[in-house]
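Q: Before anything else, here's the structure in question.
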Amino acid sequence: MGAGRVGDALAERAYEPVIGLEIHVQLSTRTKMFCGCELSFGEEPNTRTCPVCLGLPGTLPVTNAQAVHFGLMIGMALGCDPAPRSIFHRKNYFYPDLPKGYQISQYDIPLARDGRLGDIRIHRVHLEEDAAKLVHAGASGRIHGAEASAVDFNRGGTPLVEIVTEPDVRSAAQAAEWLRLLRVTLRQLGVSDVNMDEGSLRCDANVSIRPVGETTLGTKTELKNMNSFRFLERGVNAEIARQEELLREGGTVSQETLHFDPRTGALSPLRSKEEAHDYRYFPEPDLVPVAPTEEMLERARSALPELPAERAERLERDMGLAPDTARRLAFRSDLGDFLEEALAADSEADPEAIANWVVGELVANIGDADPADTKVEPQALAALVKMVGEGTVAGSAAKEVLAILVADGGHPAEIVNEKSLGAADSDELAGIVDQAMTDNADAVEKIRAGNDKAIGAVMGAVMRETKGRADGGEVQRLIRERL
Ligand SMILES: [Zn+2]
């Protein structure tokens, strides 16, 4: 077989991406992981430090009990088994953001392992400390002619939980979708701000590809610190494309850490990926193992709220909502809460109708805002949806009423009266339809001749005349009745 034939065979191969995610979550404890310094929220650089988190000789770390509690909550929420006794290790590497010369992390026995969130298995959940932050001064901060960087140690020692998935993700879109689920789950737990812009939720992706049908894993590369869902998706897609091209050309993928530049879409190597032994992990001699007591486990278990995945399932099962609607309401707990309050106000309310108004028209009005921060009351939305169902207000007029409810509050029935937005009654409507058909005789002829689109002209005339107080379906029925 000639080289050309081999090349053709390679080019025809279909590849499957295999993706695993590593997520770092900054915990919202009051103090740092191993010292009493308060966490920093944009304070002056190097004002939240002490000898422990600056790594001065002779200091001793002490484990933050609240961080362990949050870590256990996360592990349990992800369906993991907490280890009876997990230990801290020193992960050694030299970098200016690490004053001790090592990071305290966990290695062979993590806090919790073997869980699942949605359709992705969780490999492990462990505790560690964050590194300090490097501030690159650029050309303005030259020292001896070289561009200087400064270190802000405020972030150093912030408690982190690292979550590592199994390589179960098969596309960039699935990675972003799953990260959204993880983020709302963590937010619901109240253990972190989960703000990707500010770095309290950071995601790395391990990406490899393999021929479809192959079961062994290809060589993976690591994409570091994707700080938005969109960048994660774009970065992973770019890396899959890069690896495919490499393999199709007969090349090989080398194990390395890559940086994705969202502005240019380019991937550039940061460093060749370290193996675990490069870090010379060894047990941290200054810390006792984390051995959760039955009481600690129970406290973590009872602190778990209903999680988004569970809520979506319940909304689907008990209220008969469409899976997508249920997910949208569960993933934004403020919307889910609003729906459930609206339903509580009226035992005969139609969950599906109200849910559709919440994820549709209400979100169109309020965007990302919490409906509880707007003027519209859940009971008011329930009453409005009921009026639509009974035909006392038409859909388009109801949208107008909702906009008023969001801006000013009030009761839908009163707004409908005040603004004369009530549905036109059938006699009134019949008269308006007759008039519109007379005024648009051309269009009526076209409809009769089989051009169904011409009905738009007649309907438009009726809608203008009634100022949206007529139900579109009803108007169409009346027109057809008269053809
Ligand atoms: Zn400190």
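Identifiers in this document derive from the order of the structure tokens: chains are assigned A, B, ..., residues are numbered from 1 separately in each chain, and ligands are numbered from 1 in order of occurrence.
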Find the residues near segment 447-458 of chain A: any atom within 12 Å, counting only C-alpha atoms, skip ones fewer than 6 places away on the same chain, and give them as a VMD selection string.
A: chain A and resid 432 to 441 464 to 465 472 475 to 480 482 to 483
Q: Write out, as JSON lines, each residue of chain A that has an atom at most 9 Å from ligand 1, together with the closest pair of atoms and their distance in Å to one decimal, counting only C-alpha atoms and all ligand atoms, rows going by chain and rising number.
A:
{"residue": "A:Thr31", "atom": "CA", "partner": "ligand 1", "partner_atom_place_in_ligand_line": "1 (Zn)", "distance": 8.4}
{"residue": "A:Lys32", "atom": "CA", "partner": "ligand 1", "partner_atom_place_in_ligand_line": "1 (Zn)", "distance": 6.7}
{"residue": "A:Met33", "atom": "CA", "partner": "ligand 1", "partner_atom_place_in_ligand_line": "1 (Zn)", "distance": 8.7}
{"residue": "A:Phe34", "atom": "CA", "partner": "ligand 1", "partner_atom_place_in_ligand_line": "1 (Zn)", "distance": 7.4}
{"residue": "A:Cys35", "atom": "CA", "partner": "ligand 1", "partner_atom_place_in_ligand_line": "1 (Zn)", "distance": 4.7}
{"residue": "A:Gly36", "atom": "CA", "partner": "ligand 1", "partner_atom_place_in_ligand_line": "1 (Zn)", "distance": 5.7}
{"residue": "A:Cys37", "atom": "CA", "partner": "ligand 1", "partner_atom_place_in_ligand_line": "1 (Zn)", "distance": 4.3}
{"residue": "A:Glu38", "atom": "CA", "partner": "ligand 1", "partner_atom_place_in_ligand_line": "1 (Zn)", "distance": 7.7}
{"residue": "A:Arg48", "atom": "CA", "partner": "ligand 1", "partner_atom_place_in_ligand_line": "1 (Zn)", "distance": 6.6}
{"residue": "A:Thr49", "atom": "CA", "partner": "ligand 1", "partner_atom_place_in_ligand_line": "1 (Zn)", "distance": 4.4}
{"residue": "A:Cys50", "atom": "CA", "partner": "ligand 1", "partner_atom_place_in_ligand_line": "1 (Zn)", "distance": 3.9}
{"residue": "A:Pro51", "atom": "CA", "partner": "ligand 1", "partner_atom_place_in_ligand_line": "1 (Zn)", "distance": 6.3}
{"residue": "A:Val52", "atom": "CA", "partner": "ligand 1", "partner_atom_place_in_ligand_line": "1 (Zn)", "distance": 5.2}
{"residue": "A:Cys53", "atom": "CA", "partner": "ligand 1", "partner_atom_place_in_ligand_line": "1 (Zn)", "distance": 4.1}
{"residue": "A:Leu54", "atom": "CA", "partner": "ligand 1", "partner_atom_place_in_ligand_line": "1 (Zn)", "distance": 6.8}
{"residue": "A:Gly55", "atom": "CA", "partner": "ligand 1", "partner_atom_place_in_ligand_line": "1 (Zn)", "distance": 8.9}
{"residue": "A:Asn154", "atom": "CA", "partner": "ligand 1", "partner_atom_place_in_ligand_line": "1 (Zn)", "distance": 8.4}
{"residue": "A:Gly156", "atom": "CA", "partner": "ligand 1", "partner_atom_place_in_ligand_line": "1 (Zn)", "distance": 8.1}
{"residue": "A:Gly157", "atom": "CA", "partner": "ligand 1", "partner_atom_place_in_ligand_line": "1 (Zn)", "distance": 7.0}
Q: I'd like the contact shell of Gly422 of chain A - 12 Å cut-off, only C-alpha atoms, skipping same-chain residues fewer than 4 positions apart - returned as a list in words.
A: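 Selected residues are Leu384, Met387, Val388, Glu390, Gly391, Thr392, Val393, Ala394, Gly395, Ser396, Ala397, Ala398, Glu400, Val401, Pro412, Ala413, Glu414, Ile415, Val416, Asn417, Glu418, Thr466, Lys467, Gly468, Arg469, Ala470 and Asp471 of chain A.
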Q: Excluding Arg299 of chain A and any residue of its chain fewer than 6 positions from it, enumerate the residues within 10 Å of it, using only C-alpha atoms, and give them as a ChimeraX atom specification.
A: /A:69,72-73,293
Q: For the selection just defined, write its residues with N, CA and C atoms to a file, as a PDB file, in the first residue's frame.
A:
ATOM      1  N   HIS A  69     -16.449  21.262  55.785  1.00  0.00           N
ATOM      2  CA  HIS A  69     -17.918  21.110  55.734  1.00  0.00           C
ATOM      3  C   HIS A  69     -18.435  21.365  54.316  1.00  0.00           C
ATOM      4  N   LEU A  72     -17.441  18.534  52.033  1.00  0.00           N
ATOM      5  CA  LEU A  72     -18.294  17.347  52.212  1.00  0.00           C
ATOM      6  C   LEU A  72     -19.653  17.557  51.544  1.00  0.00           C
ATOM      7  N   MET A  73     -20.210  18.774  51.686  1.00  0.00           N
ATOM      8  CA  MET A  73     -21.498  19.063  51.031  1.00  0.00           C
ATOM      9  C   MET A  73     -21.390  18.876  49.516  1.00  0.00           C
ATOM     10  N   THR A 293     -16.301  12.913  61.345  1.00  0.00           N
ATOM     11  CA  THR A 293     -17.067  12.130  62.312  1.00  0.00           C
ATOM     12  C   THR A 293     -18.476  11.930  61.759  1.00  0.00           C
TER      13      THR A 293
END
Q: Taking a cut-off of 9 Å and counting only C-alpha atoms, can you build a table that, for each residue of segment 234-260 of chain A near segment 173-193 of chain A, reports the nearest atom pair and how far apart they are in Å (one decimal), sorted by chain then residue number, as CSV?
A:
residue,atom,partner,partner_atom,distance
A:Arg234,CA,A:Ala173,CA,9.0
A:Val236,CA,A:Ala175,CA,8.7
A:Asn237,CA,A:Ala173,CA,8.7
Q: Which residues are near Lys91 of chain A? Cut-off 7 Å, only C-alpha atoms, ignore same chain within fewer than 2 positions. Put them as a PyMOL selection string.
A: chain A and resi 89+93+102-105+279-281
Q: I need the chosen residues saved as a PDB file, in the first residue's frame, with N, CA and C atoms.
A:
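What landed in again.pdb:
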ATOM      1  N   HIS A  89      -1.459  16.484  51.009  1.00  0.00           N
ATOM      2  CA  HIS A  89      -0.121  16.281  50.463  1.00  0.00           C
ATOM      3  C   HIS A  89       0.483  17.623  50.072  1.00  0.00           C
ATOM      4  N   TYR A  93       6.173  22.690  43.523  1.00  0.00           N
ATOM      5  CA  TYR A  93       6.657  23.299  42.284  1.00  0.00           C
ATOM      6  C   TYR A  93       7.090  24.726  42.583  1.00  0.00           C
ATOM      7  N   TYR A 102       5.472  24.976  47.621  1.00  0.00           N
ATOM      8  CA  TYR A 102       4.547  23.857  47.396  1.00  0.00           C
ATOM      9  C   TYR A 102       3.132  24.338  47.712  1.00  0.00           C
ATOM     10  N   GLN A 103       2.177  23.635  47.121  1.00  0.00           N
ATOM     11  CA  GLN A 103       0.770  23.901  47.390  1.00  0.00           C
ATOM     12  C   GLN A 103       0.260  22.755  48.255  1.00  0.00           C
ATOM     13  N   ILE A 104      -0.524  23.065  49.288  1.00  0.00           N
ATOM     14  CA  ILE A 104      -1.133  21.977  50.055  1.00  0.00           C
ATOM     15  C   ILE A 104      -2.388  21.538  49.312  1.00  0.00           C
ATOM     16  N   SER A 105      -2.392  20.256  48.939  1.00  0.00           N
ATOM     17  CA  SER A 105      -3.491  19.706  48.147  1.00  0.00           C
ATOM     18  C   SER A 105      -3.763  18.301  48.666  1.00  0.00           C
ATOM     19  N   TYR A 279       5.821  16.528  40.502  1.00  0.00           N
ATOM     20  CA  TYR A 279       5.459  17.359  41.650  1.00  0.00           C
ATOM     21  C   TYR A 279       6.020  16.819  42.971  1.00  0.00           C
ATOM     22  N   ARG A 280       6.632  15.656  42.941  1.00  0.00           N
ATOM     23  CA  ARG A 280       7.190  15.057  44.162  1.00  0.00           C
ATOM     24  C   ARG A 280       6.208  15.178  45.329  1.00  0.00           C
ATOM     25  N   TYR A 281       4.997  14.708  45.097  1.00  0.00           N
ATOM     26  CA  TYR A 281       3.988  14.732  46.164  1.00  0.00           C
ATOM     27  C   TYR A 281       4.496  13.990  47.387  1.00  0.00           C
TER      28      TYR A 281
END
Q: Any idea what's packed within 10 Å of Glu22 of chain A, counting only C-alpha atoms, ignoring anything in its chain fewer than 2 positions away? Could you give it as a list of chain:residue names?
A: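 Returned residues: A:Gly20, A:His24, A:Val25, A:Ile122, A:His123, A:Arg124, A:Val125, A:Glu162, A:Ile163, A:Val164, A:Thr165, A:Glu166, A:Arg202, A:Cys203, A:Asp204, A:Ala205, A:Asn206, A:Glu222, A:Leu223, A:Lys224, A:Asn225.
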Q: Could the residues in this selection be written to a file with N, CA and C atoms, as a PDB file, in the first residue's frame?
A:
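Contents of out-v6.pdb, freshly written:
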ATOM      1  N   GLY A  20     -12.533  15.315  29.576  1.00  0.00           N
ATOM      2  CA  GLY A  20     -12.725  15.303  31.023  1.00  0.00           C
ATOM      3  C   GLY A  20     -12.540  16.722  31.536  1.00  0.00           C
ATOM      4  N   HIS A  24     -12.082  24.126  39.449  1.00  0.00           N
ATOM      5  CA  HIS A  24     -11.655  24.674  40.737  1.00  0.00           C
ATOM      6  C   HIS A  24     -12.720  25.632  41.235  1.00  0.00           C
ATOM      7  N   VAL A  25     -13.140  25.410  42.468  1.00  0.00           N
ATOM      8  CA  VAL A  25     -14.200  26.226  43.058  1.00  0.00           C
ATOM      9  C   VAL A  25     -13.647  26.921  44.291  1.00  0.00           C
ATOM     10  N   ILE A 122     -18.250  11.498  38.317  1.00  0.00           N
ATOM     11  CA  ILE A 122     -17.257  12.304  39.028  1.00  0.00           C
ATOM     12  C   ILE A 122     -16.161  11.366  39.507  1.00  0.00           C
ATOM     13  N   HIS A 123     -14.923  11.690  39.185  1.00  0.00           N
ATOM     14  CA  HIS A 123     -13.797  10.874  39.615  1.00  0.00           C
ATOM     15  C   HIS A 123     -13.441  11.176  41.071  1.00  0.00           C
ATOM     16  N   ARG A 124     -13.260  12.467  41.375  1.00  0.00           N
ATOM     17  CA  ARG A 124     -12.854  12.810  42.737  1.00  0.00           C
ATOM     18  C   ARG A 124     -13.186  14.256  43.073  1.00  0.00           C
ATOM     19  N   VAL A 125     -13.262  14.521  44.381  1.00  0.00           N
ATOM     20  CA  VAL A 125     -13.456  15.876  44.905  1.00  0.00           C
ATOM     21  C   VAL A 125     -12.420  16.054  45.997  1.00  0.00           C
ATOM     22  N   GLU A 162     -11.389  21.058  44.302  1.00  0.00           N
ATOM     23  CA  GLU A 162     -11.200  20.669  42.908  1.00  0.00           C
ATOM     24  C   GLU A 162     -12.080  19.467  42.611  1.00  0.00           C
ATOM     25  N   ILE A 163     -12.828  19.580  41.530  1.00  0.00           N
ATOM     26  CA  ILE A 163     -13.725  18.502  41.104  1.00  0.00           C
ATOM     27  C   ILE A 163     -13.185  17.961  39.792  1.00  0.00           C
ATOM     28  N   VAL A 164     -12.944  16.674  39.739  1.00  0.00           N
ATOM     29  CA  VAL A 164     -12.413  16.048  38.523  1.00  0.00           C
ATOM     30  C   VAL A 164     -13.442  15.051  38.006  1.00  0.00           C
ATOM     31  N   THR A 165     -13.816  15.201  36.733  1.00  0.00           N
ATOM     32  CA  THR A 165     -14.791  14.260  36.168  1.00  0.00           C
ATOM     33  C   THR A 165     -14.058  13.083  35.521  1.00  0.00           C
ATOM     34  N   GLU A 166     -14.794  12.027  35.252  1.00  0.00           N
ATOM     35  CA  GLU A 166     -14.280  10.964  34.380  1.00  0.00           C
ATOM     36  C   GLU A 166     -14.341  11.502  32.946  1.00  0.00           C
ATOM     37  N   ARG A 202     -13.395  28.039  38.016  1.00  0.00           N
ATOM     38  CA  ARG A 202     -12.456  27.976  36.902  1.00  0.00           C
ATOM     39  C   ARG A 202     -12.474  26.566  36.323  1.00  0.00           C
ATOM     40  N   CYS A 203     -12.410  26.482  35.036  1.00  0.00           N
ATOM     41  CA  CYS A 203     -12.534  25.171  34.403  1.00  0.00           C
ATOM     42  C   CYS A 203     -11.369  24.874  33.472  1.00  0.00           C
ATOM     43  N   ASP A 204     -10.753  23.713  33.665  1.00  0.00           N
ATOM     44  CA  ASP A 204      -9.757  23.202  32.723  1.00  0.00           C
ATOM     45  C   ASP A 204     -10.395  22.023  32.002  1.00  0.00           C
ATOM     46  N   ALA A 205      -9.995  21.821  30.746  1.00  0.00           N
ATOM     47  CA  ALA A 205     -10.541  20.682  30.005  1.00  0.00           C
ATOM     48  C   ALA A 205      -9.405  19.823  29.478  1.00  0.00           C
ATOM     49  N   ASN A 206      -9.496  18.514  29.708  1.00  0.00           N
ATOM     50  CA  ASN A 206      -8.560  17.561  29.116  1.00  0.00           C
ATOM     51  C   ASN A 206      -9.205  17.002  27.860  1.00  0.00           C
ATOM     52  N   GLU A 222      -4.275  19.645  27.785  1.00  0.00           N
ATOM     53  CA  GLU A 222      -5.066  20.314  28.806  1.00  0.00           C
ATOM     54  C   GLU A 222      -5.251  21.779  28.437  1.00  0.00           C
ATOM     55  N   LEU A 223      -6.503  22.216  28.396  1.00  0.00           N
ATOM     56  CA  LEU A 223      -6.793  23.635  28.164  1.00  0.00           C
ATOM     57  C   LEU A 223      -7.037  24.275  29.517  1.00  0.00           C
ATOM     58  N   LYS A 224      -6.280  25.328  29.810  1.00  0.00           N
ATOM     59  CA  LYS A 224      -6.310  25.917  31.145  1.00  0.00           C
ATOM     60  C   LYS A 224      -7.297  27.073  31.251  1.00  0.00           C
ATOM     61  N   ASN A 225      -7.935  27.163  32.435  1.00  0.00           N
ATOM     62  CA  ASN A 225      -8.656  28.366  32.847  1.00  0.00           C
ATOM     63  C   ASN A 225      -9.590  28.984  31.822  1.00  0.00           C
TER      64      ASN A 225
END
Q: As an exercise, work out the distance from atom CA of Leu39 of chain A to atom CA of Tyr107 of chain A in Å and give it to one decimal place.
A: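 Between these atoms lies a distance of 24.8 Å.
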Q: Go through segment 130-306 of chain A and collect every residue that DSSP, computed from the backbone, puts in strand (DSSP E); the answer should be as a ChimeraX atom specification.
A: /A:133-143,146-152,159-165,201-211,221-226,256-261,266-272,282-283
Q: Using only C-alpha atoms, can you tell me which of A:Phe70, A:Glu147, A:Asp324, A:Asn92 comes closest to Asp278 of chain A?
A: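 Closest residue, counting only C-alpha atoms: A:Asn92.
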